[in-house]
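Q: File name target_18.tsv; file contents TSV, N, CA and C atoms; full text below.
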```tsv
chain	number	residue	atom	x	y	z
A	30	MET	N	56.61	15.04	18.91
A	30	MET	CA	55.29	14.99	19.47
A	30	MET	C	54.31	15.76	18.59
A	31	LEU	N	54.70	16.92	18.15
A	31	LEU	CA	53.85	17.73	17.30
A	31	LEU	C	53.65	17.07	15.94
A	32	THR	N	54.71	16.45	15.43
A	32	THR	CA	54.58	15.79	14.12
A	32	THR	C	53.64	14.59	14.19
A	33	SER	N	53.69	13.83	15.28
A	33	SER	CA	52.77	12.69	15.40
A	33	SER	C	51.33	13.17	15.54
A	34	LEU	N	51.11	14.29	16.22
A	34	LEU	CA	49.76	14.85	16.33
A	34	LEU	C	49.25	15.32	14.97
A	35	LEU	N	50.09	15.99	14.21
A	35	LEU	CA	49.69	16.44	12.88
A	35	LEU	C	49.48	15.27	11.93
A	36	LEU	N	50.31	14.23	12.03
A	36	LEU	CA	50.16	13.06	11.18
A	36	LEU	C	48.86	12.32	11.49
A	37	SER	N	48.55	12.15	12.77
A	37	SER	CA	47.30	11.47	13.13
A	37	SER	C	46.08	12.31	12.72
A	38	GLY	N	46.17	13.60	12.83
A	38	GLY	CA	45.09	14.48	12.39
A	38	GLY	C	44.89	14.40	10.88
A	39	PHE	N	45.99	14.34	10.13
A	39	PHE	CA	45.90	14.22	8.67
A	39	PHE	C	45.29	12.88	8.27
A	40	LEU	N	45.68	11.80	8.96
A	40	LEU	CA	45.14	10.48	8.65
A	40	LEU	C	43.65	10.40	9.00
A	41	THR	N	43.24	11.09	10.02
A	41	THR	CA	41.81	11.11	10.39
A	41	THR	C	40.99	11.83	9.33
A	42	LEU	N	41.50	12.91	8.82
A	42	LEU	CA	40.82	13.70	7.79
A	42	LEU	C	41.34	13.38	6.41
A	43	ASN	N	41.67	12.14	6.16
A	43	ASN	CA	42.30	11.71	4.92
A	43	ASN	C	41.39	12.01	3.72
A	44	PRO	N	41.82	12.86	2.79
A	44	PRO	CA	41.00	13.13	1.61
A	44	PRO	C	41.11	12.04	0.56
A	45	PHE	N	41.99	11.07	0.78
A	45	PHE	CA	42.19	10.02	-0.21
A	45	PHE	C	41.46	8.73	0.14
A	46	GLN	N	40.46	8.80	1.00
A	46	GLN	CA	39.70	7.61	1.37
A	46	GLN	C	38.84	7.17	0.19
A	47	PRO	N	38.68	5.86	0.00
A	47	PRO	CA	37.83	5.39	-1.10
A	47	PRO	C	36.36	5.70	-0.83
A	48	ALA	N	35.61	5.78	-1.89
A	48	ALA	CA	34.17	6.05	-1.75
A	48	ALA	C	33.50	4.86	-1.07
A	49	PRO	N	32.46	5.10	-0.30
A	49	PRO	CA	31.78	3.99	0.36
A	49	PRO	C	31.14	3.06	-0.68
A	50	ALA	N	31.03	1.79	-0.32
A	50	ALA	CA	30.48	0.79	-1.25
A	50	ALA	C	29.01	1.05	-1.56
A	51	VAL	N	28.28	1.52	-0.56
A	51	VAL	CA	26.86	1.81	-0.75
A	51	VAL	C	26.69	3.32	-0.69
A	52	PRO	N	26.17	3.93	-1.74
A	52	PRO	CA	26.00	5.38	-1.71
A	52	PRO	C	24.93	5.77	-0.70
A	53	PHE	N	25.13	6.92	-0.11
A	53	PHE	CA	24.17	7.42	0.87
A	53	PHE	C	22.89	7.86	0.16
A	54	THR	N	21.77	7.39	0.66
A	54	THR	CA	20.47	7.83	0.15
A	54	THR	C	19.65	8.34	1.31
A	55	ALA	N	18.97	9.40	1.09
A	55	ALA	CA	18.13	9.96	2.13
A	55	ALA	C	16.93	9.05	2.36
A	56	ALA	N	16.41	9.09	3.55
A	56	ALA	CA	15.24	8.28	3.87
A	56	ALA	C	14.04	8.79	3.07
A	57	THR	N	13.26	7.86	2.58
A	57	THR	CA	12.09	8.25	1.80
A	57	THR	C	10.96	8.64	2.74
A	58	VAL	N	10.20	9.58	2.31
A	58	VAL	CA	9.08	10.05	3.09
A	58	VAL	C	7.89	9.14	2.82
A	59	ALA	N	7.24	8.71	3.88
A	59	ALA	CA	6.08	7.84	3.72
A	59	ALA	C	4.93	8.65	3.12
A	60	THR	N	4.39	8.15	2.06
A	60	THR	CA	3.28	8.83	1.41
A	60	THR	C	1.99	8.10	1.72
A	61	SER	N	0.90	8.79	1.60
A	61	SER	CA	-0.38	8.16	1.85
A	61	SER	C	-0.78	7.29	0.66
A	62	VAL	N	-1.61	6.34	0.94
A	62	VAL	CA	-2.08	5.41	-0.09
A	62	VAL	C	-3.19	6.08	-0.88
A	63	GLU	N	-3.13	5.97	-2.20
A	63	GLU	CA	-4.19	6.51	-3.05
A	63	GLU	C	-5.14	5.38	-3.41
A	64	PRO	N	-6.31	5.33	-2.78
A	64	PRO	CA	-7.23	4.22	-3.04
A	64	PRO	C	-7.81	4.24	-4.45
A	65	CYS	N	-7.75	5.37	-5.11
A	65	CYS	CA	-8.31	5.47	-6.46
A	65	CYS	C	-7.42	4.79	-7.50
A	66	ARG	N	-6.24	4.35	-7.12
A	66	ARG	CA	-5.34	3.67	-8.06
A	66	ARG	C	-5.31	2.16	-7.84
A	67	ILE	N	-6.12	1.65	-6.95
A	67	ILE	CA	-6.11	0.22	-6.65
A	67	ILE	C	-7.19	-0.48	-7.45
A	68	TYR	N	-6.77	-1.42	-8.26
A	68	TYR	CA	-7.70	-2.27	-9.02
A	68	TYR	C	-6.94	-3.54	-9.39
A	69	GLY	N	-7.65	-4.51	-9.91
A	69	GLY	CA	-7.02	-5.77	-10.30
A	69	GLY	C	-7.31	-6.86	-9.30
A	70	SER	N	-6.37	-7.78	-9.14
A	70	SER	CA	-6.58	-8.89	-8.22
A	70	SER	C	-6.17	-8.47	-6.81
A	71	ILE	N	-7.04	-8.74	-5.87
A	71	ILE	CA	-6.89	-8.29	-4.49
A	71	ILE	C	-6.97	-9.49	-3.56
A	72	PHE	N	-6.11	-9.49	-2.56
A	72	PHE	CA	-6.21	-10.48	-1.49
A	72	PHE	C	-6.46	-9.72	-0.20
A	73	LEU	N	-7.53	-10.08	0.50
A	73	LEU	CA	-7.86	-9.44	1.77
A	73	LEU	C	-7.28	-10.25	2.91
A	74	GLU	N	-6.32	-9.65	3.59
A	74	GLU	CA	-5.62	-10.30	4.72
A	74	GLU	C	-6.35	-9.97	6.01
A	75	LYS	N	-6.61	-11.00	6.82
A	75	LYS	CA	-7.31	-10.78	8.09
A	75	LYS	C	-6.45	-11.15	9.29
A	76	ASP	N	-5.28	-11.72	9.04
A	76	ASP	CA	-4.38	-12.11	10.12
A	76	ASP	C	-3.56	-10.89	10.56
A	77	PRO	N	-3.73	-10.44	11.82
A	77	PRO	CA	-3.01	-9.23	12.26
A	77	PRO	C	-1.49	-9.39	12.28
A	78	ARG	N	-0.99	-10.62	12.31
A	78	ARG	CA	0.46	-10.82	12.30
A	78	ARG	C	1.06	-10.48	10.95
A	79	ARG	N	0.28	-10.46	9.90
A	79	ARG	CA	0.78	-10.15	8.56
A	79	ARG	C	0.41	-8.74	8.11
A	80	ARG	N	0.06	-7.91	9.03
A	80	ARG	CA	-0.33	-6.53	8.68
A	80	ARG	C	0.84	-5.77	8.06
A	81	GLY	N	2.03	-6.00	8.52
A	81	GLY	CA	3.20	-5.30	7.99
A	81	GLY	C	3.55	-5.71	6.57
A	82	GLN	N	3.06	-6.84	6.11
A	82	GLN	CA	3.34	-7.31	4.76
A	82	GLN	C	2.26	-6.87	3.77
A	83	SER	N	1.31	-6.10	4.23
A	83	SER	CA	0.20	-5.66	3.39
A	83	SER	C	0.51	-4.30	2.77
A	84	PHE	N	-0.12	-4.04	1.63
A	84	PHE	CA	0.08	-2.77	0.94
A	84	PHE	C	-0.60	-1.63	1.68
A	85	ALA	N	-1.81	-1.88	2.17
A	85	ALA	CA	-2.56	-0.84	2.87
A	85	ALA	C	-3.54	-1.50	3.83
A	86	THR	N	-4.13	-0.67	4.69
A	86	THR	CA	-5.13	-1.13	5.63
A	86	THR	C	-6.46	-0.56	5.21
A	87	VAL	N	-7.48	-1.40	5.18
A	87	VAL	CA	-8.79	-1.00	4.67
A	87	VAL	C	-9.86	-1.30	5.72
A	88	TYR	N	-10.87	-0.47	5.74
A	88	TYR	CA	-12.01	-0.64	6.64
A	88	TYR	C	-13.26	-0.78	5.78
A	89	VAL	N	-14.08	-1.78	6.06
A	89	VAL	CA	-15.32	-1.99	5.32
A	89	VAL	C	-16.41	-1.19	6.00
A	90	GLU	N	-16.87	-0.15	5.32
A	90	GLU	CA	-17.89	0.75	5.86
A	90	GLU	C	-19.26	0.08	5.83
A	91	PRO	N	-20.04	0.28	6.88
A	91	PRO	CA	-21.42	-0.23	6.84
A	91	PRO	C	-22.34	0.65	5.99
A	92	GLU	N	-21.98	1.91	5.80
A	92	GLU	CA	-22.80	2.84	5.03
A	92	GLU	C	-22.06	3.25	3.76
A	93	GLU	N	-22.77	3.29	2.66
A	93	GLU	CA	-22.18	3.65	1.37
A	93	GLU	C	-21.74	5.11	1.31
A	94	ALA	N	-22.41	5.97	2.02
A	94	ALA	CA	-22.13	7.39	1.93
A	94	ALA	C	-20.75	7.77	2.47
A	95	PHE	N	-20.19	6.99	3.38
A	95	PHE	CA	-18.92	7.35	4.00
A	95	PHE	C	-17.72	6.60	3.40
A	96	ALA	N	-17.94	5.75	2.44
A	96	ALA	CA	-16.85	4.96	1.85
A	96	ALA	C	-16.05	5.79	0.85
A	97	ASP	N	-14.74	5.54	0.82
A	97	ASP	CA	-13.88	6.21	-0.15
A	97	ASP	C	-13.98	5.56	-1.53
A	98	VAL	N	-14.13	4.23	-1.56
A	98	VAL	CA	-14.20	3.49	-2.81
A	98	VAL	C	-15.38	2.54	-2.76
A	99	LEU	N	-16.17	2.54	-3.83
A	99	LEU	CA	-17.23	1.54	-3.98
A	99	LEU	C	-16.66	0.41	-4.83
A	100	VAL	N	-16.70	-0.79	-4.29
A	100	VAL	CA	-16.04	-1.94	-4.90
A	100	VAL	C	-17.07	-2.87	-5.51
A	101	TYR	N	-16.83	-3.21	-6.78
A	101	TYR	CA	-17.64	-4.22	-7.46
A	101	TYR	C	-16.78	-5.46	-7.62
A	102	GLU	N	-17.28	-6.61	-7.17
A	102	GLU	CA	-16.52	-7.84	-7.23
A	102	GLU	C	-16.65	-8.47	-8.62
A	103	GLU	N	-15.53	-8.51	-9.33
A	103	GLU	CA	-15.51	-9.10	-10.67
A	103	GLU	C	-15.32	-10.62	-10.57
A	104	SER	N	-15.91	-11.33	-11.49
A	104	SER	CA	-15.75	-12.78	-11.52
A	104	SER	C	-14.58	-13.21	-12.40
A	105	ASN	N	-14.04	-12.28	-13.18
A	105	ASN	CA	-12.91	-12.57	-14.06
A	105	ASN	C	-11.84	-11.51	-13.84
A	106	LYS	N	-10.60	-11.93	-13.71
A	106	LYS	CA	-9.49	-11.01	-13.45
A	106	LYS	C	-9.29	-10.02	-14.59
A	107	LEU	N	-9.60	-10.41	-15.80
A	107	LEU	CA	-9.40	-9.54	-16.96
A	107	LEU	C	-10.32	-8.32	-16.95
A	108	PHE	N	-11.45	-8.42	-16.29
A	108	PHE	CA	-12.39	-7.30	-16.25
A	108	PHE	C	-12.12	-6.35	-15.09
A	109	ALA	N	-11.21	-6.68	-14.21
A	109	ALA	CA	-10.86	-5.82	-13.08
A	109	ALA	C	-9.78	-4.84	-13.53
A	110	ASP	N	-10.15	-3.91	-14.42
A	110	ASP	CA	-9.17	-3.02	-15.03
A	110	ASP	C	-9.39	-1.55	-14.75
A	111	LYS	N	-10.31	-1.21	-13.85
A	111	LYS	CA	-10.56	0.18	-13.49
A	111	LYS	C	-10.71	0.30	-11.99
A	112	THR	N	-10.70	1.53	-11.51
A	112	THR	CA	-10.85	1.78	-10.09
A	112	THR	C	-12.17	1.23	-9.59
A	113	GLY	N	-12.11	0.48	-8.50
A	113	GLY	CA	-13.31	-0.08	-7.90
A	113	GLY	C	-13.68	-1.45	-8.41
A	114	PHE	N	-13.05	-1.91	-9.47
A	114	PHE	CA	-13.31	-3.25	-9.99
A	114	PHE	C	-12.22	-4.18	-9.45
A	115	TRP	N	-12.59	-5.03	-8.52
A	115	TRP	CA	-11.63	-5.90	-7.86
A	115	TRP	C	-11.99	-7.35	-8.12
A	116	TYR	N	-10.96	-8.13	-8.36
A	116	TYR	CA	-11.09	-9.58	-8.46
A	116	TYR	C	-10.42	-10.16	-7.22
A	117	PHE	N	-11.18	-10.84	-6.38
A	117	PHE	CA	-10.64	-11.38	-5.14
A	117	PHE	C	-10.01	-12.74	-5.39
A	118	THR	N	-8.75	-12.87	-5.02
A	118	THR	CA	-8.02	-14.11	-5.19
A	118	THR	C	-7.86	-14.81	-3.85
A	119	GLY	N	-7.72	-16.11	-3.89
A	119	GLY	CA	-7.60	-16.89	-2.67
A	119	GLY	C	-6.17	-17.02	-2.17
A	120	ALA	N	-5.20	-16.65	-2.97
A	120	ALA	CA	-3.79	-16.77	-2.58
A	120	ALA	C	-3.13	-15.40	-2.66
A	121	ARG	N	-2.41	-15.05	-1.61
A	121	ARG	CA	-1.78	-13.73	-1.57
A	121	ARG	C	-0.64	-13.60	-2.57
A	122	ASP	N	-0.07	-14.71	-3.01
A	122	ASP	CA	1.04	-14.66	-3.96
A	122	ASP	C	0.59	-14.28	-5.37
A	123	PHE	N	-0.67	-14.50	-5.68
A	123	PHE	CA	-1.17	-14.19	-7.02
A	123	PHE	C	-1.90	-12.85	-7.09
A	124	ALA	N	-1.90	-12.10	-6.01
A	124	ALA	CA	-2.63	-10.84	-5.96
A	124	ALA	C	-1.76	-9.67	-6.37
A	125	ASP	N	-2.39	-8.69	-7.02
A	125	ASP	CA	-1.69	-7.43	-7.32
A	125	ASP	C	-1.51	-6.61	-6.05
A	126	TYR	N	-2.52	-6.61	-5.18
A	126	TYR	CA	-2.49	-5.86	-3.93
A	126	TYR	C	-2.95	-6.77	-2.79
A	127	VAL	N	-2.26	-6.70	-1.67
A	127	VAL	CA	-2.66	-7.38	-0.45
A	127	VAL	C	-3.12	-6.29	0.52
A	128	LEU	N	-4.37	-6.34	0.91
A	128	LEU	CA	-4.95	-5.33	1.78
A	128	LEU	C	-5.35	-5.96	3.11
A	129	PHE	N	-4.97	-5.32	4.20
A	129	PHE	CA	-5.33	-5.80	5.52
A	129	PHE	C	-6.67	-5.19	5.92
A	130	VAL	N	-7.60	-6.04	6.34
A	130	VAL	CA	-8.93	-5.59	6.74
A	130	VAL	C	-8.93	-5.39	8.25
A	131	THR	N	-9.30	-4.20	8.70
A	131	THR	CA	-9.34	-3.87	10.11
A	131	THR	C	-10.77	-3.58	10.55
A	132	ASP	N	-11.02	-3.75	11.85
A	132	ASP	CA	-12.32	-3.42	12.42
A	132	ASP	C	-12.35	-2.00	12.98
A	133	ASN	N	-11.20	-1.36	13.05
A	133	ASN	CA	-11.10	-0.01	13.61
A	133	ASN	C	-10.93	0.99	12.47
A	134	ARG	N	-11.87	1.88	12.33
A	134	ARG	CA	-11.84	2.87	11.25
A	134	ARG	C	-10.65	3.81	11.36
A	135	ALA	N	-10.22	4.10	12.59
A	135	ALA	CA	-9.12	5.04	12.79
A	135	ALA	C	-7.78	4.49	12.31
A	136	LEU	N	-7.64	3.19	12.23
A	136	LEU	CA	-6.38	2.58	11.79
A	136	LEU	C	-6.31	2.33	10.30
A	137	ALA	N	-7.38	2.60	9.58
A	137	ALA	CA	-7.44	2.30	8.15
A	137	ALA	C	-6.88	3.44	7.31
A	138	ASP	N	-6.29	3.07	6.18
A	138	ASP	CA	-5.81	4.06	5.21
A	138	ASP	C	-6.97	4.60	4.38
A	139	PHE	N	-7.93	3.74	4.08
A	139	PHE	CA	-9.13	4.16	3.36
A	139	PHE	C	-10.24	3.16	3.66
A	140	SER	N	-11.45	3.51	3.25
A	140	SER	CA	-12.61	2.66	3.52
A	140	SER	C	-13.28	2.26	2.21
A	141	ILE	N	-13.90	1.08	2.23
A	141	ILE	CA	-14.58	0.58	1.05
A	141	ILE	C	-16.00	0.17	1.41
A	142	GLN	N	-16.81	0.04	0.40
A	142	GLN	CA	-18.17	-0.49	0.53
A	142	GLN	C	-18.43	-1.30	-0.73
A	143	TYR	N	-19.00	-2.47	-0.57
A	143	TYR	CA	-19.30	-3.32	-1.72
A	143	TYR	C	-20.61	-2.88	-2.37
A	144	THR	N	-20.64	-2.95	-3.69
A	144	THR	CA	-21.84	-2.62	-4.44
A	144	THR	C	-22.15	-3.77	-5.40
A	145	LYS	N	-23.42	-3.96	-5.68
A	145	LYS	CA	-23.83	-5.00	-6.62
A	145	LYS	C	-24.10	-4.44	-8.00
A	146	ILE	N	-24.02	-3.13	-8.14
A	146	ILE	CA	-24.26	-2.46	-9.41
A	146	ILE	C	-22.93	-2.02	-9.99
A	147	ARG	N	-22.61	-2.53	-11.16
A	147	ARG	CA	-21.30	-2.30	-11.78
A	147	ARG	C	-21.03	-0.82	-12.05
A	148	SER	N	-22.01	-0.10	-12.47
A	148	SER	CA	-21.80	1.30	-12.83
A	148	SER	C	-21.57	2.20	-11.61
A	149	TYR	N	-21.86	1.74	-10.40
A	149	TYR	CA	-21.62	2.52	-9.19
A	149	TYR	C	-20.19	2.40	-8.69
A	150	ALA	N	-19.46	1.42	-9.16
A	150	ALA	CA	-18.11	1.17	-8.65
A	150	ALA	C	-17.17	2.30	-9.02
A	151	GLY	N	-16.26	2.59	-8.11
A	151	GLY	CA	-15.27	3.62	-8.37
A	151	GLY	C	-14.97	4.44	-7.14
A	152	CYS	N	-14.24	5.51	-7.39
A	152	CYS	CA	-13.79	6.39	-6.31
A	152	CYS	C	-14.89	7.39	-5.98
A	153	ARG	N	-15.07	7.66	-4.71
A	153	ARG	CA	-16.12	8.56	-4.29
A	153	ARG	C	-15.67	10.02	-4.16
A	154	ASN	N	-14.37	10.28	-4.14
A	154	ASN	CA	-13.91	11.64	-3.91
A	154	ASN	C	-13.75	12.45	-5.19
A	155	GLY	N	-14.26	11.96	-6.31
A	155	GLY	CA	-14.27	12.74	-7.53
A	155	GLY	C	-13.01	12.65	-8.37
A	156	LYS	N	-12.07	11.80	-8.02
A	156	LYS	CA	-10.84	11.69	-8.82
A	156	LYS	C	-11.01	10.70	-9.93
```
Could you write out this structure as structure tokens?

A:
Amino acid sequence: MLTSLLLSGFLTLNPFQPAPAVPFTAATVATSVEPCRIYGSIFLEKDPRRRGQSFATVYVEPEEAFADVLVYEESNKLFADKTGFWYFTGARDFADYVLFVTDNRALADFSIQYTKIRSYAGCRNGK
């Protein structure tokens, strides 16, 4: 009886078990979105069912003073190479970033405001 108990205990704590097929990785910590690094081709998603497939959530500010990023709409994708210079694409598959547009400021990761002056485009927080 004692030998079967010791044998079952040894088999439970078997040091000769093979390594698991998938190595253990710790859960990654969710980081905030840096709006100052977003440029290039952008697709603005408005369907709330696809919010989970978007890179970030954005709110379009009515006032320029409160926006995090001033966006200038480029007509050519090649010129959208700096912060705030966005080329809007019609297909989400061809976009560098897919951003969900929300009407609620509290749910947004950052806010934008469109500008018609190219030199005003960029990040507003000084980065």

Q: So that I can see what lies close to range 106-115 of chain A, please list as a PyMOL selection string the residues with an atom at most 8 Å from it, counting all atoms listed in the file and leaving out residues fewer than 3 positions away in the same chain.

A: chain A and resi 64-71+98-103+118+149-152

Q: Can you write out the residues you just picked, keeping N, CA and C atoms, as a PDB file, keeping the file's coordinate frame?

A:
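Contents of the output file out.pdb:
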```
ATOM      1  N   PRO A  64      -6.310   5.330  -2.780  1.00  0.00           N
ATOM      2  CA  PRO A  64      -7.230   4.220  -3.040  1.00  0.00           C
ATOM      3  C   PRO A  64      -7.810   4.240  -4.450  1.00  0.00           C
ATOM      4  N   CYS A  65      -7.750   5.370  -5.110  1.00  0.00           N
ATOM      5  CA  CYS A  65      -8.310   5.470  -6.460  1.00  0.00           C
ATOM      6  C   CYS A  65      -7.420   4.790  -7.500  1.00  0.00           C
ATOM      7  N   ARG A  66      -6.240   4.350  -7.120  1.00  0.00           N
ATOM      8  CA  ARG A  66      -5.340   3.670  -8.060  1.00  0.00           C
ATOM      9  C   ARG A  66      -5.310   2.160  -7.840  1.00  0.00           C
ATOM     10  N   ILE A  67      -6.120   1.650  -6.950  1.00  0.00           N
ATOM     11  CA  ILE A  67      -6.110   0.220  -6.650  1.00  0.00           C
ATOM     12  C   ILE A  67      -7.190  -0.480  -7.450  1.00  0.00           C
ATOM     13  N   TYR A  68      -6.770  -1.420  -8.260  1.00  0.00           N
ATOM     14  CA  TYR A  68      -7.700  -2.270  -9.020  1.00  0.00           C
ATOM     15  C   TYR A  68      -6.940  -3.540  -9.390  1.00  0.00           C
ATOM     16  N   GLY A  69      -7.650  -4.510  -9.910  1.00  0.00           N
ATOM     17  CA  GLY A  69      -7.020  -5.770 -10.300  1.00  0.00           C
ATOM     18  C   GLY A  69      -7.310  -6.860  -9.300  1.00  0.00           C
ATOM     19  N   SER A  70      -6.370  -7.780  -9.140  1.00  0.00           N
ATOM     20  CA  SER A  70      -6.580  -8.890  -8.220  1.00  0.00           C
ATOM     21  C   SER A  70      -6.170  -8.470  -6.810  1.00  0.00           C
ATOM     22  N   ILE A  71      -7.040  -8.740  -5.870  1.00  0.00           N
ATOM     23  CA  ILE A  71      -6.890  -8.290  -4.490  1.00  0.00           C
ATOM     24  C   ILE A  71      -6.970  -9.490  -3.560  1.00  0.00           C
ATOM     25  N   VAL A  98     -14.130   4.230  -1.560  1.00  0.00           N
ATOM     26  CA  VAL A  98     -14.200   3.490  -2.810  1.00  0.00           C
ATOM     27  C   VAL A  98     -15.380   2.540  -2.760  1.00  0.00           C
ATOM     28  N   LEU A  99     -16.170   2.540  -3.830  1.00  0.00           N
ATOM     29  CA  LEU A  99     -17.230   1.540  -3.980  1.00  0.00           C
ATOM     30  C   LEU A  99     -16.660   0.410  -4.830  1.00  0.00           C
ATOM     31  N   VAL A 100     -16.700  -0.790  -4.290  1.00  0.00           N
ATOM     32  CA  VAL A 100     -16.040  -1.940  -4.900  1.00  0.00           C
ATOM     33  C   VAL A 100     -17.070  -2.870  -5.510  1.00  0.00           C
ATOM     34  N   TYR A 101     -16.830  -3.210  -6.780  1.00  0.00           N
ATOM     35  CA  TYR A 101     -17.640  -4.220  -7.460  1.00  0.00           C
ATOM     36  C   TYR A 101     -16.780  -5.460  -7.620  1.00  0.00           C
ATOM     37  N   GLU A 102     -17.280  -6.610  -7.170  1.00  0.00           N
ATOM     38  CA  GLU A 102     -16.520  -7.840  -7.230  1.00  0.00           C
ATOM     39  C   GLU A 102     -16.650  -8.470  -8.620  1.00  0.00           C
ATOM     40  N   GLU A 103     -15.530  -8.510  -9.330  1.00  0.00           N
ATOM     41  CA  GLU A 103     -15.510  -9.100 -10.670  1.00  0.00           C
ATOM     42  C   GLU A 103     -15.320 -10.620 -10.570  1.00  0.00           C
ATOM     43  N   THR A 118      -8.750 -12.870  -5.020  1.00  0.00           N
ATOM     44  CA  THR A 118      -8.020 -14.110  -5.190  1.00  0.00           C
ATOM     45  C   THR A 118      -7.860 -14.810  -3.850  1.00  0.00           C
ATOM     46  N   TYR A 149     -21.860   1.740 -10.400  1.00  0.00           N
ATOM     47  CA  TYR A 149     -21.620   2.520  -9.190  1.00  0.00           C
ATOM     48  C   TYR A 149     -20.190   2.400  -8.690  1.00  0.00           C
ATOM     49  N   ALA A 150     -19.460   1.420  -9.160  1.00  0.00           N
ATOM     50  CA  ALA A 150     -18.110   1.170  -8.650  1.00  0.00           C
ATOM     51  C   ALA A 150     -17.170   2.300  -9.020  1.00  0.00           C
ATOM     52  N   GLY A 151     -16.260   2.590  -8.110  1.00  0.00           N
ATOM     53  CA  GLY A 151     -15.270   3.620  -8.370  1.00  0.00           C
ATOM     54  C   GLY A 151     -14.970   4.440  -7.140  1.00  0.00           C
ATOM     55  N   CYS A 152     -14.240   5.510  -7.390  1.00  0.00           N
ATOM     56  CA  CYS A 152     -13.790   6.390  -6.310  1.00  0.00           C
ATOM     57  C   CYS A 152     -14.890   7.390  -5.980  1.00  0.00           C
TER      58      CYS A 152
END
```

Q: How far is it from CA of Phe95 in chain A to atom C of Arg147 in chain A, in Å with one decimal?

A: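 A separation of 18.1 Å between them.
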
Q: As an exercise, work out the distance from CA of Gln142 in chain A to CA of Gln82 in chain A in Å and give it to one decimal place.

A: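 Value for the CA of Gln142 in chain A-CA of Gln82 in chain A distance: 23.0 Å.
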
Q: Report the residues of range 37-134 of chain A whose backbone DSSP state falls under strand (DSSP E or B), written as a list in words.

A: Gly69, Ser70, Ile71, Phe72, Leu73, Glu74, Ala85, Thr86, Val87, Tyr88, Val89, Val98, Leu99, Val100, Tyr101, Glu102, Phe114, Trp115, Tyr116, Phe117, Tyr126, Val127, Leu128, Phe129, Val130 and Thr131 of chain A

Q: Grab the atom N of Ala124 in chain A to CA of Glu90 in chain A distance for me, in Å with one decimal place.

A: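 Atom-to-atom, atom N of Ala124 in chain A and CA of Glu90 in chain A are spaced 23.7 Å apart.
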
Q: For Ser83 in chain A, list every protein, DNA or RNA residue within 6 Å, evaluated using all atoms listed in the file, and leave out those in the same chain fewer than 5 positions away; present the list as a list in words.

A: Val127, Leu128 and Phe129 of chain A

Q: Step by step: start from the point (-9.3, -7.3, 6.8) in the file's coordinates, keep every protein, DNA or RNA residue that has an atom no farther than 6.5 Å from it, count all atoms listed in the file, and write the set as a list in words.

A: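 The residues near that point, listed by chain and number, are Leu73, Glu74, Lys75, Asp76, Val87, Leu128, Phe129, Val130, Thr131 and Asp132 of chain A.
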
Q: Please determine, counting all atoms listed in the file, which residue among A:Arg153, A:Tyr126, A:Ile141, A:Val62 has the shortest atom-to-atom distance to Pro91 in chain A.

A: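 Distance minimum relative to Pro91 in chain A lands on A:Ile141.
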
Q: Skip Arg134 in chain A itself and residues of its chain fewer than 4 positions away, then list as JSON, numbers by chain all residues within 8 Å of it, counting all atoms listed in the file.

A: {"A": [87, 88, 89, 138, 139, 140]}

Q: Please return the centre and edge lengths, in Å to one decimal, of a box with edges along x, y and z that contains all listed atoms of range 124-127 of chain A, widened by 6 Å on every side, as AutoDock Vina command-line options.

A:
```
--center_x -2.3 --center_y -9.0 --center_z -3.4 --size_x 13.6 --size_y 18.2 --size_z 19.8
```
